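Chemist: What follows is my_file14.cif, made up of mmCIF, C-alpha atoms and all ligand atoms:
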```
data_my_file
#
loop_
_atom_site.group_PDB
_atom_site.id
_atom_site.type_symbol
_atom_site.label_atom_id
_atom_site.label_comp_id
_atom_site.auth_asym_id
_atom_site.auth_seq_id
_atom_site.Cartn_x
_atom_site.Cartn_y
_atom_site.Cartn_z
ATOM 1 C CA MET A 7 -3.340 -7.191 -17.997
ATOM 2 C CA VAL A 8 -3.830 -7.711 -14.257
ATOM 3 C CA ARG A 9 -7.251 -6.486 -13.112
ATOM 4 C CA ILE A 10 -7.160 -4.972 -9.646
ATOM 5 C CA ALA A 11 -9.576 -3.599 -7.065
ATOM 6 C CA ILE A 12 -8.383 -1.026 -4.548
ATOM 7 C CA VAL A 13 -10.262 -0.801 -1.252
ATOM 8 C CA THR A 14 -9.354 1.705 1.451
ATOM 9 C CA GLY A 15 -10.322 1.120 5.062
ATOM 10 C CA ALA A 16 -10.267 -2.609 4.308
ATOM 11 C CA SER A 17 -9.268 -3.790 7.796
ATOM 12 C CA VAL A 18 -12.789 -3.859 9.303
ATOM 13 C CA GLY A 19 -16.400 -2.826 8.687
ATOM 14 C CA LEU A 20 -17.673 -1.892 5.248
ATOM 15 C CA GLY A 21 -14.189 -2.035 3.681
ATOM 16 C CA LYS A 22 -13.581 -5.606 4.800
ATOM 17 C CA GLU A 23 -16.994 -6.532 3.380
ATOM 18 C CA TYR A 24 -16.168 -4.832 0.047
ATOM 19 C CA VAL A 25 -13.015 -6.967 -0.153
ATOM 20 C CA HIS A 26 -14.991 -10.116 0.577
ATOM 21 C CA GLN A 27 -17.727 -9.439 -2.000
ATOM 22 C CA LEU A 28 -15.324 -8.283 -4.732
ATOM 23 C CA ASP A 29 -13.297 -11.444 -4.162
ATOM 24 C CA GLN A 30 -16.442 -13.574 -4.494
ATOM 25 C CA SER A 31 -17.385 -11.787 -7.740
ATOM 26 C CA GLY A 32 -14.374 -13.168 -9.608
ATOM 27 C CA GLU A 33 -14.036 -9.829 -11.443
ATOM 28 C CA VAL A 34 -10.506 -9.080 -10.228
ATOM 29 C CA ASP A 35 -7.133 -10.813 -10.110
ATOM 30 C CA GLU A 36 -5.807 -8.827 -7.139
ATOM 31 C CA ILE A 37 -7.321 -6.772 -4.333
ATOM 32 C CA TRP A 38 -5.128 -3.994 -2.968
ATOM 33 C CA MET A 39 -6.095 -3.207 0.590
ATOM 34 C CA VAL A 40 -5.168 -0.040 2.461
ATOM 35 C CA ALA A 41 -5.582 0.742 6.182
ATOM 36 C CA ARG A 42 -3.340 1.443 9.157
ATOM 37 C CA ARG A 43 -3.714 -1.929 10.897
ATOM 38 C CA GLY A 44 -1.617 -4.214 8.730
ATOM 39 C CA GLU A 45 -2.190 -7.285 10.905
ATOM 40 C CA LEU A 46 -5.946 -7.042 10.313
ATOM 41 C CA LEU A 47 -5.368 -6.589 6.569
ATOM 42 C CA ASP A 48 -3.207 -9.743 6.579
ATOM 43 C CA THR A 49 -6.125 -11.662 8.088
ATOM 44 C CA VAL A 50 -8.536 -10.257 5.479
ATOM 45 C CA ALA A 51 -6.055 -11.176 2.713
ATOM 46 C CA ALA A 52 -5.722 -14.722 4.086
ATOM 47 C CA GLY A 53 -9.478 -15.187 3.640
ATOM 48 C CA LEU A 54 -9.458 -14.412 -0.095
ATOM 49 C CA VAL A 55 -10.587 -17.265 -2.313
ATOM 50 C CA ARG A 56 -10.670 -16.107 -5.940
ATOM 51 C CA SER A 57 -8.163 -13.250 -5.954
ATOM 52 C CA LYS A 58 -4.729 -12.429 -4.584
ATOM 53 C CA GLY A 59 -4.466 -9.934 -1.727
ATOM 54 C CA ARG A 60 -1.954 -7.091 -1.569
ATOM 55 C CA VAL A 61 -1.600 -5.417 1.812
ATOM 56 C CA PHE A 62 -0.577 -1.778 2.211
ATOM 57 C CA ALA A 63 -0.443 -0.855 5.880
ATOM 58 C CA ALA A 64 -0.642 2.907 5.492
ATOM 59 C CA ASP A 65 -2.078 5.972 7.149
ATOM 60 C CA LEU A 66 -3.851 7.775 4.312
ATOM 61 C CA THR A 67 -3.394 11.120 6.056
ATOM 62 C CA ARG A 68 0.412 10.863 5.876
ATOM 63 C CA ALA A 69 2.205 11.242 2.528
ATOM 64 C CA GLU A 70 5.297 9.265 3.575
ATOM 65 C CA SER A 71 3.055 6.393 4.654
ATOM 66 C CA THR A 72 1.199 6.135 1.306
ATOM 67 C CA LYS A 73 4.362 6.461 -0.824
ATOM 68 C CA PRO A 74 4.935 2.675 -1.273
ATOM 69 C CA PHE A 75 1.306 2.272 -2.384
ATOM 70 C CA TYR A 76 1.460 5.025 -5.019
ATOM 71 C CA GLU A 77 4.889 3.857 -6.201
ATOM 72 C CA ALA A 78 3.549 0.311 -6.723
ATOM 73 C CA LEU A 79 0.486 1.675 -8.544
ATOM 74 C CA ASP A 80 2.575 3.723 -10.996
ATOM 75 C CA ARG A 81 5.297 1.075 -11.430
ATOM 76 C CA GLU A 82 3.032 -1.937 -12.018
ATOM 77 C CA LYS A 83 0.525 -0.147 -14.287
ATOM 78 C CA HIS A 84 -2.339 -2.575 -13.668
ATOM 79 C CA ASP A 85 -5.883 -2.138 -14.888
ATOM 80 C CA VAL A 86 -7.921 -0.720 -11.978
ATOM 81 C CA VAL A 87 -11.443 -2.079 -12.412
ATOM 82 C CA TRP A 88 -12.786 -1.156 -8.959
ATOM 83 C CA LEU A 89 -11.751 1.699 -6.670
ATOM 84 C CA VAL A 90 -13.574 1.821 -3.341
ATOM 85 C CA ASN A 91 -12.763 5.007 -1.459
ATOM 86 C CA ASN A 92 -14.159 3.836 1.846
ATOM 87 C CA ALA A 93 -11.757 4.843 4.669
ATOM 88 C CA GLY A 94 -13.279 7.526 6.855
ATOM 89 C CA PHE A 95 -14.272 8.463 10.360
ATOM 90 C CA GLY A 96 -16.459 10.913 12.263
ATOM 91 C CA LYS A 97 -16.461 12.460 15.722
ATOM 92 C CA ALA A 98 -19.688 13.459 17.408
ATOM 93 C CA GLY A 99 -19.918 16.438 19.724
ATOM 94 C CA ALA A 100 -19.479 20.179 19.852
ATOM 95 C CA PHE A 101 -17.071 21.480 17.215
ATOM 96 C CA ASP A 102 -15.541 24.082 19.516
ATOM 97 C CA ARG A 103 -14.676 21.433 22.106
ATOM 98 C CA SER A 104 -13.057 18.949 19.726
ATOM 99 C CA PRO A 105 -9.273 18.891 19.253
ATOM 100 C CA VAL A 106 -8.089 20.723 16.157
ATOM 101 C CA GLN A 107 -5.741 17.860 15.194
ATOM 102 C CA VAL A 108 -8.602 15.350 15.196
ATOM 103 C CA ASN A 109 -10.745 17.657 13.060
ATOM 104 C CA LEU A 110 -7.974 18.296 10.548
ATOM 105 C CA SER A 111 -7.241 14.603 10.345
ATOM 106 C CA MET A 112 -10.933 13.980 9.554
ATOM 107 C CA VAL A 113 -10.757 16.491 6.696
ATOM 108 C CA ASP A 114 -7.484 14.917 5.551
ATOM 109 C CA LEU A 115 -8.892 11.398 5.447
ATOM 110 C CA ASN A 116 -12.493 11.935 4.367
ATOM 111 C CA ILE A 117 -11.688 14.572 1.738
ATOM 112 C CA ARG A 118 -8.014 15.064 0.845
ATOM 113 C CA ALA A 119 -7.014 11.384 0.733
ATOM 114 C CA MET A 120 -10.159 10.490 -1.222
ATOM 115 C CA VAL A 121 -9.511 13.233 -3.804
ATOM 116 C CA GLU A 122 -5.839 12.272 -4.144
ATOM 117 C CA LEU A 123 -6.566 8.573 -4.585
ATOM 118 C CA THR A 124 -9.285 9.243 -7.150
ATOM 119 C CA GLN A 125 -7.050 11.510 -9.210
ATOM 120 C CA ARG A 126 -3.964 9.290 -9.026
ATOM 121 C CA VAL A 127 -5.926 6.123 -9.864
ATOM 122 C CA LEU A 128 -7.807 7.568 -12.857
ATOM 123 C CA PRO A 129 -4.874 7.195 -15.309
ATOM 124 C CA HIS A 130 -5.048 3.446 -14.535
ATOM 125 C CA CYS A 131 -8.803 3.176 -15.227
ATOM 126 C CA ARG A 132 -10.286 2.097 -18.514
ATOM 127 C CA ARG A 133 -13.826 1.827 -19.877
ATOM 128 C CA GLY A 134 -15.893 -0.320 -17.490
ATOM 129 C CA CYS A 135 -14.075 0.789 -14.323
ATOM 130 C CA HIS A 136 -16.235 1.458 -11.251
ATOM 131 C CA ILE A 137 -15.398 4.007 -8.576
ATOM 132 C CA LEU A 138 -17.339 3.950 -5.307
ATOM 133 C CA GLN A 139 -17.027 7.012 -3.094
ATOM 134 C CA VAL A 140 -18.387 6.131 0.333
ATOM 135 C CA GLY A 141 -20.218 9.248 1.476
ATOM 136 C CA SER A 142 -23.163 9.196 3.866
ATOM 137 C CA SER A 143 -26.785 10.200 4.297
ATOM 138 C CA ALA A 144 -25.283 12.469 6.994
ATOM 139 C CA GLY A 145 -24.030 14.601 4.102
ATOM 140 C CA TRP A 146 -27.503 15.468 2.820
ATOM 141 C CA LYS A 147 -28.161 18.182 5.430
ATOM 142 C CA PRO A 148 -26.022 20.163 7.893
ATOM 143 C CA MET A 149 -25.807 18.388 11.277
ATOM 144 C CA PRO A 150 -25.125 20.455 14.401
ATOM 145 C CA ASN A 151 -22.964 18.451 16.850
ATOM 146 C CA PHE A 152 -21.777 16.268 13.972
ATOM 147 C CA ALA A 153 -21.002 19.320 11.849
ATOM 148 C CA LEU A 154 -17.603 18.565 10.411
ATOM 149 C CA TYR A 155 -18.309 14.920 9.625
ATOM 150 C CA ALA A 156 -21.569 15.825 7.838
ATOM 151 C CA ALA A 157 -19.748 18.552 5.897
ATOM 152 C CA THR A 158 -16.986 16.167 4.774
ATOM 153 C CA LYS A 159 -19.599 13.670 3.589
ATOM 154 C CA SER A 160 -21.507 16.410 1.793
ATOM 155 C CA PHE A 161 -18.278 17.021 -0.121
ATOM 156 C CA VAL A 162 -17.916 13.312 -0.928
ATOM 157 C CA ASN A 163 -21.531 12.965 -2.132
ATOM 158 C CA SER A 164 -21.331 16.079 -4.302
ATOM 159 C CA PHE A 165 -17.893 15.254 -5.735
ATOM 160 C CA ALA A 166 -18.969 11.690 -6.597
ATOM 161 C CA ILE A 167 -22.151 12.693 -8.394
ATOM 162 C CA ALA A 168 -20.389 15.435 -10.375
ATOM 163 C CA LEU A 169 -17.645 12.972 -11.398
ATOM 164 C CA HIS A 170 -20.311 10.432 -12.371
ATOM 165 C CA TYR A 171 -21.424 12.754 -15.181
ATOM 166 C CA GLU A 172 -17.941 14.053 -15.972
ATOM 167 C CA LEU A 173 -16.418 10.586 -16.444
ATOM 168 C CA ALA A 174 -19.378 8.979 -18.230
ATOM 169 C CA ASP A 175 -17.760 9.734 -21.628
ATOM 170 C CA ARG A 176 -14.763 7.624 -20.600
ATOM 171 C CA GLY A 177 -17.066 4.725 -19.654
ATOM 172 C CA ILE A 178 -16.141 5.035 -15.970
ATOM 173 C CA THR A 179 -18.965 4.774 -13.435
ATOM 174 C CA VAL A 180 -18.694 6.825 -10.255
ATOM 175 C CA THR A 181 -21.242 6.094 -7.523
ATOM 176 C CA ALA A 182 -21.874 8.003 -4.298
ATOM 177 C CA VAL A 183 -22.620 5.430 -1.599
ATOM 178 C CA CYS A 184 -24.847 7.066 1.028
ATOM 179 C CA PRO A 185 -25.520 4.717 3.942
ATOM 180 C CA GLY A 186 -27.550 5.499 7.026
ATOM 181 C CA PRO A 187 -26.342 3.864 10.274
ATOM 182 C CA VAL A 188 -24.434 0.608 9.605
ATOM 183 C CA ALA A 189 -23.349 -1.930 12.247
ATOM 184 C CA THR A 190 -19.566 -1.411 12.182
ATOM 185 C CA ASP A 191 -16.944 0.047 14.525
ATOM 186 C CA PHE A 192 -17.879 3.507 13.213
ATOM 187 C CA PHE A 193 -19.896 4.409 16.340
ATOM 188 C CA ASP A 194 -17.121 3.227 18.675
ATOM 189 C CA VAL A 195 -14.820 5.693 16.931
ATOM 190 C CA SER A 196 -17.336 8.525 16.543
ATOM 191 C CA SER A 197 -18.735 8.551 20.023
ATOM 192 C CA GLU A 198 -18.045 7.521 23.570
ATOM 193 C CA GLY A 199 -21.626 8.284 24.532
ATOM 194 C CA SER A 200 -25.214 7.767 23.547
ATOM 195 C CA ASP A 201 -24.661 7.455 19.792
ATOM 196 C CA LYS A 202 -23.608 3.892 20.490
ATOM 197 C CA ALA A 203 -27.283 3.117 21.120
ATOM 198 C CA LEU A 204 -27.916 3.948 17.452
ATOM 199 C CA ARG A 205 -25.699 1.053 16.493
ATOM 200 C CA GLN A 206 -27.807 -1.400 18.440
ATOM 201 C CA THR A 207 -31.189 -0.027 17.409
ATOM 202 C CA ARG A 208 -31.101 1.191 13.819
ATOM 203 C CA ALA A 209 -27.853 0.064 12.265
ATOM 204 C CA VAL A 210 -28.049 -2.299 9.300
ATOM 205 C CA ASP A 211 -25.894 -5.209 8.185
ATOM 206 C CA PRO A 212 -22.773 -3.972 6.297
ATOM 207 C CA ALA A 213 -23.034 -6.926 3.877
ATOM 208 C CA LYS A 214 -26.377 -5.603 2.600
ATOM 209 C CA VAL A 215 -25.101 -2.042 2.108
ATOM 210 C CA VAL A 216 -22.081 -3.355 0.195
ATOM 211 C CA ALA A 217 -24.103 -5.777 -1.970
ATOM 212 C CA ILE A 218 -26.576 -3.077 -3.020
ATOM 213 C CA SER A 219 -23.830 -0.545 -3.748
ATOM 214 C CA LEU A 220 -21.909 -2.994 -5.952
ATOM 215 C CA GLN A 221 -25.162 -3.784 -7.745
ATOM 216 C CA ASP A 222 -25.930 -0.059 -8.207
ATOM 217 C CA ALA A 223 -22.403 0.598 -9.524
ATOM 218 C CA ARG A 224 -22.688 -2.245 -12.042
ATOM 219 C CA ALA A 225 -26.060 -0.797 -13.131
ATOM 220 C CA GLY A 226 -24.320 2.551 -13.732
ATOM 221 C CA ARG A 227 -26.140 4.469 -11.001
ATOM 222 C CA ALA A 228 -24.833 7.785 -9.634
ATOM 223 C CA GLU A 229 -26.059 7.123 -6.106
ATOM 224 C CA SER A 230 -26.596 4.095 -3.886
ATOM 225 C CA VAL A 231 -28.868 4.183 -0.865
ATOM 226 C CA TYR A 232 -29.772 1.111 1.174
ATOM 227 C CA GLY A 233 -32.939 0.741 3.269
ATOM 228 C CA LEU A 234 -36.429 2.195 3.043
ATOM 229 C CA SER A 235 -36.083 4.726 5.890
ATOM 230 C CA VAL A 236 -32.837 6.126 4.479
ATOM 231 C CA LYS A 237 -34.352 6.248 0.994
ATOM 232 C CA LEU A 238 -37.375 8.128 2.362
ATOM 233 C CA TYR A 239 -35.077 10.618 4.068
ATOM 234 C CA GLY A 240 -33.131 10.940 0.807
ATOM 235 C CA TRP A 241 -36.288 11.801 -1.138
ATOM 236 C CA MET A 242 -37.436 14.262 1.512
ATOM 237 C CA ALA A 243 -34.101 15.939 2.275
ATOM 238 C CA PRO A 244 -34.065 18.311 -0.744
ATOM 239 C CA LEU A 245 -37.605 19.442 0.142
ATOM 240 C CA LEU A 246 -36.976 20.061 3.839
ATOM 241 C CA PRO A 247 -35.991 23.587 4.891
ATOM 242 C CA THR A 248 -32.328 23.471 5.922
ATOM 243 C CA ARG A 249 -32.821 25.815 8.915
ATOM 244 C CA LEU A 250 -35.627 23.652 10.295
ATOM 245 C CA THR A 251 -33.735 20.371 9.915
ATOM 246 C CA ALA A 252 -30.601 21.898 11.463
ATOM 247 C CA MET A 253 -32.632 22.995 14.498
ATOM 248 C CA VAL A 254 -34.253 19.547 14.843
ATOM 249 C CA VAL A 255 -30.898 17.779 14.502
ATOM 250 C CA LYS A 256 -29.375 20.139 17.068
ATOM 251 C CA ARG A 257 -32.037 19.151 19.601
ATOM 252 C CA MET A 258 -31.699 15.451 18.762
ATOM 253 C CA ARG A 259 -27.909 15.451 19.005
ATOM 254 C CA LYS A 260 -27.535 17.745 22.028
ATOM 255 C CA GLY A 261 -25.102 16.257 24.522
ATOM 256 C CA LYS A 262 -23.937 13.446 22.206
ATOM 257 C CA SER A 263 -20.187 12.953 22.325
HETATM 258 N N1 LIG A 301 -21.074 2.821 9.900
HETATM 259 C C1 LIG A 301 -21.922 3.780 9.563
HETATM 260 O O1 LIG A 301 -22.975 3.984 10.191
HETATM 261 C C2 LIG A 301 -21.632 4.632 8.346
HETATM 262 C C3 LIG A 301 -22.691 5.386 7.801
HETATM 263 C C4 LIG A 301 -22.455 6.183 6.697
HETATM 264 C C5 LIG A 301 -21.196 6.226 6.137
HETATM 265 N N2 LIG A 301 -20.170 5.501 6.688
HETATM 266 C C6 LIG A 301 -18.850 5.601 6.068
HETATM 267 O O2 LIG A 301 -18.415 4.314 5.708
HETATM 268 C C7 LIG A 301 -16.990 4.277 5.656
HETATM 269 C C8 LIG A 301 -16.484 3.045 6.378
HETATM 270 O O3 LIG A 301 -16.830 3.154 7.736
HETATM 271 P P1 LIG A 301 -17.192 1.902 8.642
HETATM 272 O O4 LIG A 301 -18.592 2.073 9.047
HETATM 273 O O5 LIG A 301 -16.784 0.636 8.006
HETATM 274 O O6 LIG A 301 -16.294 2.256 9.909
HETATM 275 P P2 LIG A 301 -15.083 1.449 10.609
HETATM 276 O O7 LIG A 301 -15.520 0.059 10.890
HETATM 277 O O8 LIG A 301 -14.661 2.321 11.741
HETATM 278 O O9 LIG A 301 -13.961 1.410 9.477
HETATM 279 C C9 LIG A 301 -13.199 2.541 9.120
HETATM 280 C C10 LIG A 301 -12.039 2.091 8.248
HETATM 281 O O10 LIG A 301 -11.241 3.241 7.898
HETATM 282 C C11 LIG A 301 -9.871 2.936 8.151
HETATM 283 N N3 LIG A 301 -9.131 4.144 8.503
HETATM 284 C C12 LIG A 301 -9.429 5.012 9.506
HETATM 285 N N4 LIG A 301 -8.483 5.974 9.560
HETATM 286 C C13 LIG A 301 -7.577 5.695 8.568
HETATM 287 C C14 LIG A 301 -6.380 6.315 8.126
HETATM 288 N N5 LIG A 301 -5.918 7.425 8.701
HETATM 289 N N6 LIG A 301 -5.694 5.753 7.096
HETATM 290 C C15 LIG A 301 -6.145 4.619 6.510
HETATM 291 N N7 LIG A 301 -7.283 3.985 6.872
HETATM 292 C C16 LIG A 301 -7.993 4.522 7.890
HETATM 293 C C17 LIG A 301 -9.915 1.951 9.333
HETATM 294 O O11 LIG A 301 -8.771 1.133 9.343
HETATM 295 P P3 LIG A 301 -7.524 1.289 10.377
HETATM 296 O O12 LIG A 301 -8.095 1.728 11.680
HETATM 297 O O13 LIG A 301 -6.937 -0.091 10.388
HETATM 298 O O14 LIG A 301 -6.647 2.297 9.722
HETATM 299 C C18 LIG A 301 -11.133 1.110 8.953
HETATM 300 O O15 LIG A 301 -10.757 0.083 8.073
HETATM 301 C C19 LIG A 301 -16.521 5.602 6.255
HETATM 302 O O16 LIG A 301 -16.152 6.484 5.216
HETATM 303 C C20 LIG A 301 -17.752 6.123 6.981
HETATM 304 O O17 LIG A 301 -17.766 7.527 7.074
HETATM 305 C C21 LIG A 301 -20.370 4.697 7.772
#
```
How does this structure look as structure tokens?
Ligand SMILES: NC(=O)c1ccc[n+]([C@@H]2O[C@H](COP(=O)([O-])OP(=O)(O)OC[C@H]3O[C@@H](n4cnc5c(N)ncnc54)[C@H](OP(=O)(O)O)[C@@H]3O)[C@@H](O)[C@H]2O)c1
Modeler:
Amino acid sequence: MVRIAIVTGASVGLGKEYVHQLDQSGEVDEIWMVARRGELLDTVAAGLVRSKGRVFAADLTRAESTKPFYEALDREKHDVVWLVNNAGFGKAGAFDRSPVQVNLSMVDLNIRAMVELTQRVLPHCRRGCHILQVGSSAGWKPMPNFALYAATKSFVNSFAIALHYELADRGITVTAVCPGPVATDFFDVSSEGSDKALRQTRAVDPAKVVAISLQDARAGRAESVYGLSVKLYGWMAPLLPTRLTAMVVKRMRKGKS
């Protein structure tokens, strides 16, 4: 049986790093990579050492674009040992001033595509399979001026942790990955303005976030959080009054777009 890993958003950032580290692990025969920029995926595939790369240049928000991927998955019936639902994006700024198509596409990618992939991959998962749902610490509390992104990640975090317990009987580990700021292209996409400063000041190395999350998944953990400050926020978040944090975040994020 061919053991495969599926990584979405594998062209750059955290996804590219997941591909690299899963390849190094020697746990899989093939890595199936999904993202829109096929030429970048080809480059990532060319760098694989221990596994074979399969490139699916697809927009996960468009059914006709993902059809070849799902057809291959159902036809080839491989053993999925890792699923990394990583593709996602955010847009900072006032909700009422952001284009409706961009917002719906965020919901489509961060939520709908992640749910669909999880459900359609599960028949191909056996005992010992790991599913990583890349959520965010942004999903722990409502975030004015980053409202929709935080809400989509709240969905991802909640869905992942619920599935962790639901699928435990099948021997499948589901882990919610909840990073704080990570040094990737995320901030170039999310913001044309001052959020970019966050990338330079507080963002961490994607390799570290990925390494810890793979380690946490192998240890059977429901949640993976990298870095002391993010962990501290994670411990405090359930205790903090939501209204107060929303007001503080609103002040902090005012004017960010
Ligand atoms: N960086 C952070 O600070 C941070 C913090 C917390 C959580 N996260 C989460 O981590 C995940 C990865 O983000 P990143 O930081 O690595 O950002 P990134 O460097 O911008 O990577 C995003 C990835 O998603 C893919 N993608 C975007 N739209 C897509 C679509 N419609 N169809 C298929 N693939 C699509 C992109 O590939 P193409 O453009 O080639 O399609 C890219 O590979 C996201 O879910 C993000 O929300 C990031």
Chemist: Pick the closest to Met258 (chain A) from A:Met149, A:Val188, A:Val216, A:Val34: which is it, counting all atoms listed in the file?
Modeler: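 With all atoms listed in the file as the atom set, the closest residue is A:Met149.
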Chemist: As a quick test: using all atoms listed in the file, which residues lie no more than 8 Å away from ligand LIG 301 (chain A)? Give them as an MDAnalysis selection string.
Modeler: chainID A and resid 14:22 40:44 46:47 63:68 91:96 111 115:116 140:144 155 159 183:195 205 209 212
Chemist: To one decimal place in Å, what is the distance between CA of Asp102 (chain A) and CA of Pro148 (chain A)?
Modeler: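 Distance between the two atoms: 16.1 Å.
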Chemist: Could you check the closest approach to Val127 (chain A) for each of A:Val86, A:Trp241, A:Val108, A:Ser31 and tell me which residue wins, using all atoms listed in the file?
Modeler: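 Between A:Val86, A:Trp241, A:Val108, A:Ser31, the residue approaching Val127 (chain A) most closely is A:Val86.
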Chemist: Given the file shown, enumerate the residues that the PyMOL selection byres (((chain A and resi 131) around 9) and not hetatm) captures and present them as a list in words.
Modeler: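 That selection, the PyMOL selection byres (((chain A and resi 131) around 9) and not hetatm), comes back as His84, Asp85, Val86, Val87, Trp88, Val127, Leu128, Pro129, His130, Arg132, Arg133, Gly134, Cys135, His136 and Ile178 of chain A.
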Chemist: Can I get the selected residues back with C-alpha atoms, as a compact mmCIF listing (two decimals), in the coordinates of the input?
Modeler:
```txt
# COMPACT_ATOMS: atom_id res chain seq x y z
CA HIS A 84 -2.34 -2.58 -13.67
CA ASP A 85 -5.88 -2.14 -14.89
CA VAL A 86 -7.92 -0.72 -11.98
CA VAL A 87 -11.44 -2.08 -12.41
CA TRP A 88 -12.79 -1.16 -8.96
CA VAL A 127 -5.93 6.12 -9.86
CA LEU A 128 -7.81 7.57 -12.86
CA PRO A 129 -4.87 7.20 -15.31
CA HIS A 130 -5.05 3.45 -14.54
CA ARG A 132 -10.29 2.10 -18.51
CA ARG A 133 -13.83 1.83 -19.88
CA GLY A 134 -15.89 -0.32 -17.49
CA CYS A 135 -14.08 0.79 -14.32
CA HIS A 136 -16.24 1.46 -11.25
CA ILE A 178 -16.14 5.04 -15.97
```
Chemist: Looking at A:Val162, A:Val25, A:Ile117, A:Ile12, which one is nearest to Ala217 (chain A), with distances taken over all atoms listed in the file?
Modeler: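 Closest to Ala217 (chain A) of all the choices is A:Val25.
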Chemist: Do you have the CA of Leu138 (chain A)-CA of Ala182 (chain A) distance handy?
Modeler: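 According to the coordinates, CA of Leu138 (chain A) and CA of Ala182 (chain A) are separated by 6.2 Å.
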Chemist: Determine the axis-aligned bounding box of all atoms of region 62-66 of chain A present in the file, pad each side by 3 Å, and express its centre and edge lengths in Å to one decimal place as lines of an AutoDock Vina configuration file.
Modeler:
```
center_x = -2.1
center_y = 3.0
center_z = 4.7
size_x = 9.4
size_y = 15.6
size_z = 10.9
```
Chemist: Calculated over only C-alpha atoms, which of the candidates A:His26, A:Arg9, A:Arg81, A:Arg227 has the smallest distance to Val55 (chain A)?
Modeler: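 Answer, going by the shortest atom-to-atom distance: A:His26.
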Chemist: Taking into account only C-alpha atoms, which residue in the set A:Thr124, A:Ser104, A:Thr179, A:Gln139 is nearest to Asn151 (chain A)?
Modeler: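 Using only C-alpha atoms, the shortest distance to Asn151 (chain A) belongs to A:Ser104.
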Chemist: Generate a file for region 222-233 of chain A, containing N, CA, C and O atoms, as a compact mmCIF listing (two decimals), in the first residue's frame.
Modeler:
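Result file out38.txt:
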```
# COMPACT_ATOMS: atom_id res chain seq x y z
N ASP A 222 3.73 17.21 18.10
CA ASP A 222 2.50 17.14 18.89
C ASP A 222 1.51 16.14 18.29
O ASP A 222 0.84 15.41 19.01
N ALA A 223 1.42 16.11 16.96
CA ALA A 223 0.50 15.16 16.30
C ALA A 223 0.95 13.73 16.59
O ALA A 223 0.13 12.86 16.94
N ARG A 224 2.24 13.48 16.47
CA ARG A 224 2.76 12.12 16.73
C ARG A 224 2.51 11.72 18.19
O ARG A 224 2.30 10.55 18.49
N ALA A 225 2.53 12.71 19.09
CA ALA A 225 2.29 12.44 20.52
C ALA A 225 0.79 12.34 20.81
O ALA A 225 0.39 12.14 21.96
N GLY A 226 -0.04 12.52 19.80
CA GLY A 226 -1.49 12.36 19.96
C GLY A 226 -2.17 13.54 20.61
O GLY A 226 -3.24 13.40 21.22
N ARG A 227 -1.58 14.74 20.48
CA ARG A 227 -2.17 15.90 21.14
C ARG A 227 -3.29 16.54 20.31
O ARG A 227 -3.22 16.53 19.07
N ALA A 228 -4.26 17.12 20.99
CA ALA A 228 -5.40 17.74 20.30
C ALA A 228 -5.05 19.13 19.77
O ALA A 228 -5.69 19.63 18.85
N GLU A 229 -4.04 19.75 20.39
CA GLU A 229 -3.73 21.14 20.05
C GLU A 229 -2.21 21.32 20.01
O GLU A 229 -1.50 20.70 20.80
N SER A 230 -1.75 22.17 19.10
CA SER A 230 -0.32 22.47 19.03
C SER A 230 -0.13 23.98 19.00
O SER A 230 -0.64 24.67 18.12
N VAL A 231 0.64 24.45 19.98
CA VAL A 231 0.90 25.89 20.08
C VAL A 231 2.40 26.07 20.23
O VAL A 231 3.03 25.47 21.10
N TYR A 232 2.99 26.92 19.38
CA TYR A 232 4.43 27.14 19.46
C TYR A 232 4.73 28.51 20.08
O TYR A 232 4.12 29.51 19.70
N GLY A 233 5.69 28.55 20.99
CA GLY A 233 6.19 29.83 21.53
C GLY A 233 5.55 30.18 22.86
O GLY A 233 4.33 30.03 23.03
```
